[in-house]
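Below is one structure; the comments refer to it alone.
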Amino acid sequence: MAKEKGQKAIATNRKARHDYLIVDTYECGVVLLGTEVKSLRAGRASLVDAFATVDDGEVWLRGLHIAEYAMGTWTNHEPRRTRKLLLHRGEIERLIGKTKESGLSLVPLSMYFKDGKVKVELALAKGKKTYDKRQALARRDADREMAKAAGRVAKGRYQ
């Protein structure tokens, strides 16, 4: 059987970049069961309510929904079980310090296959206030309007 190469996206948490200010990102491995991997290959995962915690020197991913494998038997997995994330000891120590001292959260941004292995992009993030979210939306709309106007000027259709 040929080895897989490259990356294939499984799921992304698009709302995370809107709700949080991303401070740092980490790439983690995930401890999974066989039926979970088969379900992920079908793209059946959701990161919407997922978050990570550090308990007893280990990082755990909670709230991740991986749908049950359709062809599974009584050995099928529980969809929202807690899953262990695989990080280096130094990275875990850094995460413990950051989450304790400055009130940062651990939020999964995306889940993907990298060379056949399931990886999670974990972000050290700070929650945005409501007015920060509104400012970001207003800035994006203003940038879009400026790009439209610049395009009209470039085509000679400026009013």
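If you're wondering about the labels, chains in the structure tokens are A, B, ... by order shown, residues count from 1 in each chain, ligands from 1 in order shown.
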
Could the residues of region 5-43 of chain A that have an atom at most 10 Å from region 121-143 of chain A be listed as a tab-separated table, each with its closest atom pair and the distance in Å to one decimal, counting only C-alpha atoms and ordered by chain and ascending residue number?
```
residue	atom	partner	partner_atom	distance
A:Thr12	CA	A:Glu121	CA	9.3
A:Ala16	CA	A:Ala125	CA	9.0
A:Arg17	CA	A:Ala125	CA	9.1
A:His18	CA	A:Lys133	CA	6.7
A:Asp19	CA	A:Lys128	CA	5.7
A:Tyr20	CA	A:Gly127	CA	4.4
A:Leu21	CA	A:Lys126	CA	5.1
A:Ile22	CA	A:Ala125	CA	4.5
A:Val23	CA	A:Ala125	CA	5.3
A:Asp24	CA	A:Leu124	CA	5.1
A:Thr25	CA	A:Ala123	CA	4.3
A:Tyr26	CA	A:Leu122	CA	5.1
A:Glu27	CA	A:Glu121	CA	4.7
A:Cys28	CA	A:Glu121	CA	6.4
A:Gly29	CA	A:Glu121	CA	9.0
```

Produce a file of the selected residues containing C-alpha atoms, as an mmCIF file, in the first residue's frame.
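Writing done, so here's result_15.cif:
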```cif
data_model
loop_
_atom_site.group_PDB
_atom_site.id
_atom_site.type_symbol
_atom_site.label_atom_id
_atom_site.label_comp_id
_atom_site.auth_asym_id
_atom_site.auth_seq_id
_atom_site.Cartn_x
_atom_site.Cartn_y
_atom_site.Cartn_z
ATOM 1 C CA THR A 12 -11.875 23.824 10.208
ATOM 2 C CA ALA A 16 -12.427 30.706 16.074
ATOM 3 C CA ARG A 17 -10.521 33.428 14.210
ATOM 4 C CA HIS A 18 -13.555 35.706 14.599
ATOM 5 C CA ASP A 19 -14.080 35.021 18.314
ATOM 6 C CA TYR A 20 -10.435 34.851 19.431
ATOM 7 C CA LEU A 21 -7.181 36.736 18.967
ATOM 8 C CA ILE A 22 -4.640 34.032 18.035
ATOM 9 C CA VAL A 23 -1.396 34.362 20.034
ATOM 10 C CA ASP A 24 0.440 31.168 19.042
ATOM 11 C CA THR A 25 -0.294 27.909 17.191
ATOM 12 C CA TYR A 26 0.855 24.317 17.709
ATOM 13 C CA GLU A 27 0.554 21.192 15.586
ATOM 14 C CA CYS A 28 -0.562 18.182 17.660
ATOM 15 C CA GLY A 29 -1.133 14.533 17.014
#
```

Considering only C-alpha atoms, tabulate each residue of region 7-82 of chain A that lies at most 8 Å from region 99-113 of chain A along with its nearest interatomic pair and the corresponding distance in Å to one decimal; arrange the rows by chain and ascending residue number and present them as CSV.
```
residue,atom,partner,partner_atom,distance
A:Gln7,CA,A:Phe113,CA,5.4
A:Lys8,CA,A:Phe113,CA,5.1
A:Ala9,CA,A:Tyr112,CA,4.3
A:Ile10,CA,A:Tyr112,CA,4.8
A:Ala11,CA,A:Met111,CA,5.2
A:Thr12,CA,A:Ser110,CA,4.1
A:Asn13,CA,A:Leu109,CA,5.0
A:Arg14,CA,A:Leu109,CA,7.4
A:Ala16,CA,A:Leu109,CA,6.5
A:Arg17,CA,A:Leu109,CA,7.9
A:Leu47,CA,A:Pro108,CA,7.0
A:Ala50,CA,A:Pro108,CA,6.7
A:Phe51,CA,A:Val107,CA,4.9
A:Ala52,CA,A:Leu106,CA,5.1
A:Thr53,CA,A:Leu106,CA,6.8
```

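By chain and then residue number, the residues within 8 Å of Asp115 (chain A) are A:Lys3, A:Glu4, A:Lys5, A:Gly6, A:Gln7, counting only C-alpha atoms and disregarding those fewer than 3 positions away in sequence.
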
Could you please write out, as number ranges by chain, every residue of region 11-153 of chain A that DSSP assigns to alpha helix (DSSP H)? A: 16-19, 34-41, 89-102, 130-153

With N, CA and C atoms retained, could you export that selection as a short mmCIF file (atom, residue, chain, number, x, y, z; two decimals), in the first residue's frame?
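In the end it all went to part25.cif:
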```
data_model
loop_
_atom_site.label_atom_id
_atom_site.label_comp_id
_atom_site.auth_asym_id
_atom_site.auth_seq_id
_atom_site.Cartn_x
_atom_site.Cartn_y
_atom_site.Cartn_z
N ALA A 16 -13.47 30.48 15.07
CA ALA A 16 -12.43 30.71 16.07
C ALA A 16 -11.63 31.97 15.79
N ARG A 17 -11.29 32.23 14.54
CA ARG A 17 -10.52 33.43 14.21
C ARG A 17 -11.35 34.70 14.39
N HIS A 18 -12.68 34.56 14.36
CA HIS A 18 -13.56 35.71 14.60
C HIS A 18 -13.71 35.96 16.10
N ASP A 19 -13.82 34.90 16.88
CA ASP A 19 -14.08 35.02 18.31
C ASP A 19 -12.82 35.20 19.16
N GLY A 34 -9.78 3.16 15.74
CA GLY A 34 -9.85 2.83 14.33
C GLY A 34 -11.09 3.35 13.63
N THR A 35 -12.26 3.23 14.29
CA THR A 35 -13.48 3.70 13.65
C THR A 35 -13.50 5.23 13.55
N GLU A 36 -12.79 5.91 14.45
CA GLU A 36 -12.71 7.38 14.37
C GLU A 36 -11.93 7.80 13.13
N VAL A 37 -10.84 7.11 12.86
CA VAL A 37 -10.02 7.43 11.68
C VAL A 37 -10.82 7.18 10.41
N LYS A 38 -11.55 6.09 10.35
CA LYS A 38 -12.37 5.79 9.17
C LYS A 38 -13.45 6.85 8.97
N SER A 39 -14.05 7.32 10.05
CA SER A 39 -15.05 8.37 9.96
C SER A 39 -14.42 9.70 9.53
N LEU A 40 -13.20 9.98 10.00
CA LEU A 40 -12.49 11.20 9.60
C LEU A 40 -12.12 11.15 8.12
N ARG A 41 -11.78 9.98 7.61
CA ARG A 41 -11.46 9.87 6.18
C ARG A 41 -12.68 10.22 5.33
N ARG A 89 7.04 17.59 25.64
CA ARG A 89 6.98 17.99 27.04
C ARG A 89 7.20 19.50 27.20
N GLY A 90 8.16 20.06 26.47
CA GLY A 90 8.43 21.49 26.57
C GLY A 90 7.25 22.34 26.12
N GLU A 91 6.57 21.89 25.07
CA GLU A 91 5.39 22.61 24.59
C GLU A 91 4.26 22.56 25.62
N ILE A 92 4.09 21.40 26.26
CA ILE A 92 3.05 21.27 27.28
C ILE A 92 3.35 22.18 28.46
N GLU A 93 4.61 22.23 28.89
CA GLU A 93 5.00 23.10 30.00
C GLU A 93 4.72 24.56 29.66
N ARG A 94 5.03 24.97 28.43
CA ARG A 94 4.78 26.33 27.98
C ARG A 94 3.28 26.63 27.99
N LEU A 95 2.48 25.68 27.54
CA LEU A 95 1.02 25.85 27.53
C LEU A 95 0.47 25.97 28.95
N ILE A 96 1.00 25.18 29.87
CA ILE A 96 0.55 25.25 31.26
C ILE A 96 0.80 26.64 31.81
N GLY A 97 2.01 27.16 31.58
CA GLY A 97 2.36 28.49 32.07
C GLY A 97 1.49 29.58 31.48
N LYS A 98 1.29 29.54 30.17
CA LYS A 98 0.51 30.58 29.49
C LYS A 98 -0.95 30.57 29.90
N THR A 99 -1.55 29.38 30.00
CA THR A 99 -2.98 29.31 30.34
C THR A 99 -3.22 29.69 31.80
N LYS A 100 -2.28 29.39 32.68
CA LYS A 100 -2.46 29.72 34.10
C LYS A 100 -2.28 31.22 34.35
N GLU A 101 -1.20 31.81 33.81
CA GLU A 101 -0.85 33.19 34.18
C GLU A 101 -1.69 34.25 33.47
N SER A 102 -1.96 34.09 32.19
CA SER A 102 -2.57 35.19 31.44
C SER A 102 -3.99 34.92 30.97
N THR A 130 -16.89 42.11 22.28
CA THR A 130 -17.87 42.35 21.23
C THR A 130 -17.47 43.51 20.33
N TYR A 131 -16.95 44.59 20.93
CA TYR A 131 -16.57 45.74 20.11
C TYR A 131 -15.38 45.44 19.22
N ASP A 132 -14.48 44.55 19.66
CA ASP A 132 -13.36 44.15 18.81
C ASP A 132 -13.87 43.40 17.57
N LYS A 133 -14.87 42.55 17.76
CA LYS A 133 -15.44 41.80 16.64
C LYS A 133 -16.11 42.75 15.65
N ARG A 134 -16.84 43.76 16.18
CA ARG A 134 -17.50 44.73 15.31
C ARG A 134 -16.47 45.55 14.53
N GLN A 135 -15.36 45.93 15.19
CA GLN A 135 -14.31 46.69 14.50
C GLN A 135 -13.69 45.86 13.38
N ALA A 136 -13.47 44.59 13.63
CA ALA A 136 -12.89 43.72 12.60
C ALA A 136 -13.82 43.59 11.40
N LEU A 137 -15.12 43.45 11.65
CA LEU A 137 -16.09 43.37 10.55
C LEU A 137 -16.13 44.68 9.76
N ALA A 138 -16.12 45.83 10.47
CA ALA A 138 -16.14 47.13 9.81
C ALA A 138 -14.89 47.33 8.97
N ARG A 139 -13.73 46.92 9.49
CA ARG A 139 -12.47 47.04 8.76
C ARG A 139 -12.49 46.19 7.49
N ARG A 140 -13.02 44.98 7.61
CA ARG A 140 -13.09 44.09 6.45
C ARG A 140 -14.02 44.66 5.38
N ASP A 141 -15.16 45.21 5.80
CA ASP A 141 -16.09 45.83 4.84
C ASP A 141 -15.46 47.04 4.16
N ALA A 142 -14.74 47.86 4.93
CA ALA A 142 -14.08 49.04 4.36
C ALA A 142 -13.01 48.63 3.35
N ASP A 143 -12.24 47.60 3.68
CA ASP A 143 -11.21 47.11 2.75
C ASP A 143 -11.84 46.59 1.46
N ARG A 144 -12.97 45.90 1.59
CA ARG A 144 -13.67 45.39 0.42
C ARG A 144 -14.15 46.54 -0.48
N GLU A 145 -14.71 47.60 0.13
CA GLU A 145 -15.18 48.76 -0.63
C GLU A 145 -14.02 49.46 -1.34
N MET A 146 -12.87 49.58 -0.64
CA MET A 146 -11.70 50.22 -1.26
C MET A 146 -11.20 49.40 -2.44
N ALA A 147 -11.21 48.08 -2.31
CA ALA A 147 -10.76 47.22 -3.40
C ALA A 147 -11.70 47.34 -4.60
N LYS A 148 -13.01 47.43 -4.34
CA LYS A 148 -13.97 47.62 -5.43
C LYS A 148 -13.73 48.93 -6.16
N ALA A 149 -13.54 50.01 -5.38
CA ALA A 149 -13.31 51.33 -5.98
C ALA A 149 -12.01 51.34 -6.78
N ALA A 150 -10.97 50.71 -6.26
CA ALA A 150 -9.69 50.66 -6.97
C ALA A 150 -9.85 49.88 -8.27
N GLY A 151 -10.65 48.83 -8.26
CA GLY A 151 -10.90 48.06 -9.48
C GLY A 151 -11.65 48.85 -10.52
N ARG A 152 -12.63 49.65 -10.06
CA ARG A 152 -13.38 50.49 -10.99
C ARG A 152 -12.48 51.55 -11.60
N VAL A 153 -11.58 52.15 -10.80
CA VAL A 153 -10.65 53.16 -11.31
C VAL A 153 -9.71 52.54 -12.33
#
```

Apply DSSP to the backbone of this structure and, from chain A, keep only the residues in strand (DSSP E); write these as a ChimeraX atom specification. /A:7-12,20-30,45-46,51-55,58-62,65-66,83-86,105-114,117-127

Ala45 (chain A) surroundings by only C-alpha atoms, 7 Å radius, close-in-sequence under 6 positions cut, as a list in words: Ala11, His65, Ile66 and Ala67 of chain A
